[in-house]
Structure formats: C-alpha cells, structure tokens
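Novice: Here you go, this is target-v6.cif (mmCIF, C-alpha atoms).
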```cif
data_work
loop_
_atom_site.label_atom_id
_atom_site.label_comp_id
_atom_site.auth_asym_id
_atom_site.auth_seq_id
_atom_site.Cartn_x
_atom_site.Cartn_y
_atom_site.Cartn_z
CA MET A 1 78.76 101.60 79.00
CA ASP A 2 77.64 104.55 81.12
CA MET A 3 79.24 103.05 84.18
CA LEU A 4 82.56 102.32 82.46
CA TYR A 5 83.07 105.55 80.53
CA PRO A 6 83.93 108.40 81.11
CA ILE A 7 86.38 107.84 83.96
CA THR A 8 85.19 109.62 87.13
CA PRO A 9 86.67 109.85 90.65
CA THR A 10 84.35 106.98 91.60
CA HIS A 11 86.37 104.64 89.37
CA TYR A 12 89.60 105.61 91.10
CA LEU A 13 88.01 105.33 94.55
CA THR A 14 86.62 101.89 93.67
CA LEU A 15 90.10 100.77 92.61
CA SER A 16 91.46 102.15 95.87
CA ALA A 17 88.82 100.28 97.92
CA VAL A 18 89.47 97.03 96.05
CA LEU A 19 93.22 97.35 96.62
CA PHE A 20 92.59 98.02 100.32
CA GLY A 21 90.33 94.95 100.48
CA ILE A 22 93.03 92.78 98.90
CA GLY A 23 95.47 94.06 101.53
CA VAL A 24 93.10 93.30 104.42
CA ALA A 25 92.42 89.80 103.04
CA GLY A 26 96.18 89.21 102.76
CA VAL A 27 96.80 90.19 106.38
CA LEU A 28 93.87 88.05 107.57
CA SER A 29 94.62 84.89 105.63
CA ARG A 30 98.39 84.55 105.18
CA LYS A 31 100.77 83.07 107.73
CA ASN A 32 104.02 84.31 106.19
CA ILE A 33 105.08 87.46 108.04
CA PHE A 34 106.63 88.99 104.90
CA VAL A 35 103.38 88.66 102.96
CA ALA A 36 101.50 90.20 105.89
CA LEU A 37 103.92 93.18 105.89
CA MET A 38 103.56 93.59 102.13
CA SER A 39 99.77 93.50 102.45
CA LEU A 40 100.08 96.35 104.95
CA GLU A 41 102.01 98.31 102.31
CA LEU A 42 99.23 97.55 99.82
CA MET A 43 96.69 99.07 102.21
CA LEU A 44 98.82 102.20 102.69
CA ASN A 45 99.07 102.55 98.91
CA ALA A 46 95.32 102.24 98.51
CA VAL A 47 94.86 105.09 100.97
CA ASN A 48 97.50 107.15 99.13
CA LEU A 49 95.60 106.67 95.88
CA SER A 50 92.39 108.03 97.36
CA PHE A 51 94.29 111.01 98.83
CA VAL A 52 95.68 111.85 95.39
CA VAL A 53 92.23 111.44 93.80
CA PHE A 54 90.61 113.83 96.27
CA SER A 55 93.51 116.26 95.86
CA ARG A 56 92.84 116.31 92.11
CA LEU A 57 89.07 116.53 92.62
CA ARG A 58 89.21 119.49 94.99
CA GLY A 59 92.16 121.21 93.34
CA ASP A 60 93.98 121.22 96.69
CA LEU A 61 97.59 120.10 97.00
CA THR A 62 97.27 119.24 100.71
CA GLY A 63 96.29 115.69 99.76
CA GLN A 64 99.59 115.19 97.99
CA VAL A 65 101.54 116.60 100.94
CA ILE A 66 99.80 114.06 103.18
CA VAL A 67 100.78 111.30 100.73
CA LEU A 68 104.38 112.37 101.25
CA PHE A 69 103.98 112.01 105.00
CA VAL A 70 102.33 108.60 104.59
CA VAL A 71 105.21 107.41 102.41
CA ALA A 72 107.76 108.52 105.01
CA VAL A 73 105.85 106.83 107.84
CA ALA A 74 105.55 103.68 105.68
CA ALA A 75 109.33 103.70 105.27
CA ALA A 76 109.77 103.98 109.05
CA GLU A 77 107.23 101.19 109.57
CA ALA A 78 108.95 98.86 107.10
CA CYS A 79 112.32 99.59 108.73
CA VAL A 80 111.14 98.78 112.28
CA GLY A 81 108.93 95.90 111.10
CA LEU A 82 111.77 94.16 109.31
CA ALA A 83 114.06 94.63 112.31
CA ILE A 84 111.39 92.90 114.43
CA VAL A 85 111.21 90.09 111.85
CA ILE A 86 114.98 89.59 112.09
CA ALA A 87 114.87 89.55 115.90
CA LEU A 88 111.96 87.07 115.87
CA PHE A 89 113.71 84.84 113.35
CA ARG A 90 116.79 84.74 115.56
CA LEU A 91 114.59 83.64 118.47
CA LYS A 92 112.24 81.13 116.78
CA GLU A 93 113.97 80.18 113.49
CA THR A 94 110.72 80.71 111.57
CA VAL A 95 108.65 83.44 109.91
CA ASP A 96 105.31 81.68 110.47
CA LEU A 97 102.94 84.11 112.21
CA ASP A 98 101.00 81.26 113.85
CA LEU A 99 104.10 80.16 115.76
CA PHE A 100 104.62 83.56 117.39
CA LYS A 101 102.21 82.96 120.25
CA SER A 102 104.20 83.60 123.43
CA LEU A 103 101.73 86.32 124.43
CA LYS A 104 98.70 84.10 123.90
CA GLY A 105 96.79 83.64 127.17
CA MET B 106 88.84 107.74 75.48
CA LEU B 107 92.60 107.33 75.86
CA GLU B 108 92.33 108.15 79.56
CA ALA B 109 89.80 105.34 80.02
CA VAL B 110 91.97 102.79 78.19
CA VAL B 111 95.03 103.75 80.25
CA PHE B 112 93.01 103.63 83.48
CA TYR B 113 91.62 100.16 82.82
CA ILE B 114 94.99 98.74 81.80
CA LEU B 115 96.69 100.18 84.90
CA ALA B 116 93.83 99.16 87.20
CA SER B 117 93.92 95.57 85.99
CA ILE B 118 97.72 95.48 86.44
CA ILE B 119 97.38 96.84 90.00
CA ILE B 120 94.63 94.41 91.03
CA GLY B 121 96.34 91.45 89.33
CA MET B 122 99.66 92.23 91.00
CA GLY B 123 97.90 92.76 94.33
CA LEU B 124 96.31 89.32 94.06
CA LEU B 125 99.70 87.84 93.14
CA VAL B 126 101.20 89.42 96.28
CA ILE B 127 98.75 87.66 98.58
CA THR B 128 98.75 84.28 96.79
CA ARG B 129 102.42 83.49 96.15
CA THR B 130 104.20 81.03 98.44
CA ASN B 131 107.66 82.47 97.82
CA PRO B 132 107.95 85.94 99.42
CA ILE B 133 110.43 87.01 96.71
CA ALA B 134 107.71 86.46 94.08
CA SER B 135 105.31 88.48 96.25
CA ALA B 136 107.86 91.29 96.54
CA LEU B 137 108.44 91.42 92.78
CA ALA B 138 104.68 91.51 92.14
CA MET B 139 104.53 94.33 94.68
CA VAL B 140 107.13 96.31 92.70
CA GLY B 141 104.98 95.85 89.58
CA ALA B 142 101.93 97.12 91.44
CA PHE B 143 103.92 100.16 92.64
CA ALA B 144 105.07 100.95 89.10
CA ALA B 145 101.49 100.82 87.82
CA LEU B 146 100.33 102.98 90.74
CA ALA B 147 103.04 105.53 89.92
CA ALA B 148 101.75 105.67 86.33
CA LEU B 149 98.24 106.19 87.68
CA TYR B 150 99.47 109.09 89.86
CA ALA B 151 101.05 110.61 86.75
CA THR B 152 97.69 110.49 84.94
CA LEU B 153 96.20 112.30 87.97
CA GLU B 154 98.75 115.11 87.45
CA ALA B 155 100.58 114.23 90.66
CA THR B 156 104.00 113.92 89.05
CA PHE B 157 106.01 114.46 92.23
CA VAL B 158 104.07 111.76 94.08
CA ALA B 159 104.57 109.44 91.08
CA ILE B 160 108.35 109.93 91.18
CA LEU B 161 108.36 109.52 94.95
CA GLN B 162 106.38 106.28 94.63
CA ILE B 163 109.09 104.79 92.42
CA LEU B 164 112.03 106.20 94.39
CA VAL B 165 110.88 105.44 97.93
CA TYR B 166 108.55 102.46 97.56
CA ALA B 167 109.99 100.46 94.67
CA GLY B 168 113.55 101.68 95.19
CA GLY B 169 113.74 101.85 98.98
CA ILE B 170 111.14 99.90 100.90
CA MET B 171 110.91 96.91 98.55
CA VAL B 172 114.69 96.65 98.20
CA LEU B 173 114.94 96.58 102.01
CA MET B 174 112.23 93.92 102.12
CA ILE B 175 113.92 91.72 99.47
CA PHE B 176 117.23 92.23 101.27
CA VAL B 177 115.79 90.91 104.54
CA ILE B 178 114.04 87.99 102.79
CA MET B 179 117.37 86.97 101.29
CA LEU B 180 119.20 87.55 104.58
CA LEU B 181 116.99 85.02 106.37
CA ASN B 182 117.73 82.50 103.58
CA LEU B 183 114.50 80.49 103.84
CA HIS B 184 114.34 77.15 102.07
CA THR B 185 111.41 75.91 100.02
CA ASP B 186 110.67 73.33 102.72
CA ASP B 187 110.41 76.09 105.34
CA LEU B 188 107.95 77.98 103.15
CA LYS B 189 105.69 74.98 102.39
CA PRO B 190 103.66 75.18 105.65
CA MET B 191 103.01 78.88 105.01
CA LYS B 192 101.48 78.29 101.58
CA ALA B 193 98.35 80.31 100.81
CA ASN B 194 95.34 78.27 101.84
CA GLY B 195 92.80 78.65 99.03
CA ALA B 196 89.75 78.24 101.24
CA THR B 197 90.94 80.71 103.90
CA LEU B 198 91.97 83.19 101.23
CA LEU B 199 88.64 83.02 99.41
CA LEU B 200 86.76 83.22 102.69
CA SER B 201 88.64 86.32 103.85
CA LEU B 202 88.37 87.95 100.40
CA ALA B 203 84.62 87.29 100.37
CA GLY B 204 84.26 88.51 103.95
CA VAL B 205 86.23 91.69 103.38
CA PHE B 206 84.58 92.55 100.06
CA GLY B 207 81.05 91.57 101.08
CA GLY B 208 81.31 93.03 104.56
CA ILE B 209 83.38 96.17 104.08
CA VAL B 210 84.38 97.20 100.55
CA VAL B 211 81.08 96.92 98.67
CA PRO B 212 78.87 98.40 101.47
CA VAL B 213 81.32 101.29 101.93
CA LEU B 214 81.33 102.00 98.19
CA PHE B 215 77.54 102.05 98.09
CA ILE B 216 76.93 104.01 101.30
CA ALA B 217 79.89 106.23 102.06
CA LEU B 218 80.94 107.57 98.66
CA PRO B 219 80.81 111.39 98.97
CA LYS B 220 78.66 113.53 96.66
CA GLY B 221 80.16 114.83 93.45
CA THR B 222 82.52 111.94 92.78
CA ASP B 223 80.42 110.62 89.89
CA LYS B 224 81.29 113.51 87.55
CA VAL B 225 84.48 113.78 85.54
CA PHE B 226 87.38 115.63 87.15
CA PRO B 227 87.02 119.42 86.91
CA GLY B 228 89.67 121.05 84.75
CA THR B 229 92.01 122.80 87.20
CA THR B 230 95.25 124.63 86.76
CA MET B 231 96.67 122.79 89.78
CA GLU B 232 99.82 120.85 89.11
CA GLY B 233 101.36 118.41 91.55
CA ASP B 234 104.90 119.06 90.39
CA ILE B 235 107.88 119.30 92.70
CA VAL B 236 107.84 123.12 92.82
CA SER B 237 104.30 123.51 94.11
CA VAL B 238 104.30 120.47 96.44
CA GLY B 239 107.75 121.36 97.76
CA GLY B 240 106.71 124.99 98.26
CA MET B 241 103.73 123.84 100.31
CA LEU B 242 105.89 121.42 102.30
CA PHE B 243 108.32 124.18 103.27
CA SER B 244 105.69 126.82 104.10
CA ASN B 245 102.41 125.51 105.54
CA TYR B 246 103.71 122.11 106.60
CA LEU B 247 107.22 122.98 107.75
CA PHE B 248 106.70 121.83 111.34
CA PRO B 249 105.20 118.40 110.47
CA PHE B 250 107.96 118.00 107.90
CA GLU B 251 110.62 118.59 110.55
CA MET B 252 108.81 116.21 112.92
CA LEU B 253 109.02 113.60 110.18
CA SER B 254 112.80 113.68 110.38
CA LEU B 255 112.52 112.83 114.09
CA VAL B 256 110.17 109.93 113.24
CA LEU B 257 112.70 108.59 110.75
CA LEU B 258 115.55 109.02 113.22
CA ALA B 259 113.59 107.15 115.89
CA ALA B 260 112.81 104.39 113.38
CA VAL B 261 116.47 103.98 112.41
CA VAL B 262 117.64 103.90 116.04
CA GLY B 263 114.79 101.54 116.96
CA ALA B 264 115.61 99.18 114.10
CA LEU B 265 119.27 99.09 115.15
CA VAL B 266 118.37 98.35 118.78
CA LEU B 267 115.93 95.61 117.76
CA ALA B 268 118.09 93.84 115.23
CA LYS B 269 121.48 94.06 116.89
CA ARG B 270 122.66 90.91 118.64
CA LYS B 271 124.39 92.64 121.53
CA LEU B 272 124.38 96.32 122.37
#
```
Would you encode the structure as structure tokens?
Specialist:
Amino acid sequence: MDMLYPITPTHYLTLSAVLFGIGVAGVLSRKNIFVALMSLELMLNAVNLSFVVFSRLRGDLTGQVIVLFVVAVAAAEACVGLAIVIALFRLKETVDLDLFKSLKG
Amino acid sequence: MLEAVVFYILASIIIGMGLLVITRTNPIASALAMVGAFAALAALYATLEATFVAILQILVYAGGIMVLMIFVIMLLNLHTDDLKPMKANGATLLLSLAGVFGGIVVPVLFIALPKGTDKVFPGTTMEGDIVSVGGMLFSNYLFPFEMLSLVLLAAVVGALVLAKRKL
C-alpha cells in the first residue's frame, strides 16, 4: 500500500516513462506509417507530462512554457510529416514503411 | 484519497489507450484511441494545476493535430485489404515492448529518478492558469515565442511544397 498511496511525483514520472516506452515500441514494431507517426506523438506527450510534473514539483512555470513550445513543434512536425506521407503515397501507392526503401544501400 | 483514485483511473485510461494505438490495424481506430488518451492526459494536467496546458492539450492535440491526421487517413482512402499486410505482429510487438521496457524504461526508473520525487507534491501557490503562463510567455520567453511563429510558417510552406502536385 505504501507504494500505491499517497500519489507522489514518482507515480506521474513512472506513467510518463511507460507511455514513452509504449511509443518507442510502436515506432519499432509497426509498419503502418500513420501508427508510427501517432507513436511519435505519444512520446512527445509523455515528455510533456514529465515537464508538467517537474513544473509542479519545483513551483516553476518554465516547465509549462516549454510544454507550449513542444506542442507547437509537434503541430509543425505532424503537418510536415503528413505532407510527406501524401507525397510518398502518390509515388508508391502504399503506406507500408517497409516498402519505402529507395535509400537502402 | 480522491487524488489517488482519479490518478489511477486516468493512468489506466492513458496506458490502455496507448496500447490500443499501437495494436489496432485500422489507423482510424488508432487515431480515436489517441484522442481518448489525449483527453485523459488533459484531465491529468488539470489535476496538476496546469489548467492552461490542459486546455491547450484538448484544443491543439485532440482538436488540431488528430483532426489533421484523421483527415489525411481518410484522404488516402485505404481499403481493408491494403491494411492487412500492415497488421500488428504480436511477436514483434511483444518483443519490442519487452526490449524497450526491460532495456530502457525500468532501468531508467530505478537509476535516474532524481532525489525528492518520492514525497508528495509541496503545497505551492503557483497556478498554471492562462494569466501567469501567458505573462511568462510574453516577458521572459518573448523571443522564442516569436521564433515559434517562424517555425510554424516554415512548416506550413514546407507542407505545401511537399504535398502539391505541381508548383
């Protein structure tokens, strides 16, 4: 019971690490490019969560300002990433990551 | 006690939705699970007194990024037969989950957790509402904030150049 209650920053950080791990596993194991992109977003969100936790822990709002920047960069990343997906789909007629191997030596 | 109950409910929603995202064959199902995870994360931010970040999470992530993603998934109009070969492979998925958790997540949690995170949050008067975060954004972080508009402009122009058939 001691480990489960009361809720400490460690609980939040553990959740953040688990979410990040799920994201990494998604990127490593899935072949669908959309799922890989969404797993990237999961990882960014896990990092955001730990920023907010440390901001609350230290009583410093800088963490939340950085979260704002991360969200904006994530929006830019999704925008460019999806444009690349559309261009690739036009070229190869597929969204399977394993078939995008023109640069493979 | 209430805080603990809320935390565990939200944490299980987030992890469950996260697992749904990486196991579904249909990307639309993944995207909807993702929206659920974002909603639960926003609630978690609200319990951490980061109300502005919570609102932003819903507005930008669930309302902006995921809508864009679902829009593109529907634009490409993939059939079930096209998606079949990209089905989640159970063995690969389990192997990568085990590798990531055994190799990175658990060791990091045991070794790298900073001191002082095992006590309850100190009671502060800090509030992450829009007034204080916005005030900080427009004073200490004005220059990075302005740079961000350039980043977004570059992203929009880049996306147009990439996705347009003929310039």
Novice: Please determine, counting all atoms listed in the file, which residue among B:Leu253, B:Val172, B:Ala217, B:Ile160 has the shortest atom-to-atom distance to chain A.
Specialist: B:Leu253
Novice: Taking 2 positions as the minimum chain separation for residues in the same chain, which residues sit within 12 Å of B:Pro249 when counting all atoms listed in the file? Answer as an NGL selection string.
Specialist: (:A and (65-66 or 68-70 or 72-73)) or (:B and (241-247 or 251-256))
Novice: Write down, as number ranges by chain, each residue of chain A that has any atom within 7 Å of an atom of chain B, counting all atoms listed in the file.
Specialist: A: 5-10, 14-15, 17-19, 21-22, 25-26, 28-32, 34-35, 56-57, 59, 61, 64-65, 75-76, 78-80, 83-84, 86-87, 96
Novice: If you measure from atom CA of A:Ser50 to atom CA of A:Ser16, what distance in Å do you get, rounded to one decimal?
Specialist: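 That distance, rounded to one decimal, is 6.1 Å.
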Novice: Counting all atoms listed in the file, figure out which residue out of B:Met179, B:Ala167, B:Val140, B:Ile235 gets nearest to A:Val71.
Specialist: B:Ala167
Novice: Atom CA of B:Leu137 and atom CA of B:Leu115 are how many Å apart?
Specialist: 16.6 Å
Novice: For A:Leu13, which residue out of B:Thr185, B:Ala151, B:Phe215, B:Ile163 is the nearest one, using only C-alpha atoms?
Specialist: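 Counting only C-alpha atoms, the residue closest to A:Leu13 is B:Phe215.
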Novice: Rank nothing, just name the residue among A:Tyr12, A:Arg90, A:Val24, A:Met3 nearest to A:Leu44, using all atoms listed in the file.
Specialist: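 Counting all atoms listed in the file, the residue closest to A:Leu44 is A:Val24.
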Novice: For A:Leu37, work out the shell of residues within 9 Å, counting all atoms listed in the file and skipping chain neighbours fewer than 6 positions away, then give it as a ChimeraX atom specification.
Specialist: /A:27,78,81-82
Novice: Take atom CA of A:Ala46 and atom CA of A:Gly23 and report the distance between them in Å, one decimal.
Specialist: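 Atom-to-atom, atom CA of A:Ala46 to atom CA of A:Gly23, that is 8.7 Å.
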Novice: Check which residues satisfy the PyMOL selection byres ((chain A and resi 99) around 12) in the file shown, then give them as a PyMOL selection string.
Specialist: (chain A and resi 31-33+88-89+91-98+100-104) or (chain B and resi 190-191)
Novice: Write a file of the selected residues as a short mmCIF file (atom, residue, chain, number, x, y, z; two decimals), in the frame of the given file, keeping C-alpha atoms.
Specialist:
```cif
data_model
loop_
_atom_site.label_atom_id
_atom_site.label_comp_id
_atom_site.auth_asym_id
_atom_site.auth_seq_id
_atom_site.Cartn_x
_atom_site.Cartn_y
_atom_site.Cartn_z
CA LYS A 31 100.77 83.07 107.73
CA ASN A 32 104.02 84.31 106.19
CA ILE A 33 105.08 87.46 108.04
CA LEU A 88 111.96 87.07 115.87
CA PHE A 89 113.71 84.84 113.35
CA LEU A 91 114.59 83.64 118.47
CA LYS A 92 112.24 81.13 116.78
CA GLU A 93 113.97 80.18 113.49
CA THR A 94 110.72 80.71 111.57
CA VAL A 95 108.65 83.44 109.91
CA ASP A 96 105.31 81.68 110.47
CA LEU A 97 102.94 84.11 112.21
CA ASP A 98 101.00 81.26 113.85
CA PHE A 100 104.62 83.56 117.39
CA LYS A 101 102.21 82.96 120.25
CA SER A 102 104.20 83.60 123.43
CA LEU A 103 101.73 86.32 124.43
CA LYS A 104 98.70 84.10 123.90
CA PRO B 190 103.66 75.18 105.65
CA MET B 191 103.01 78.88 105.01
#
```
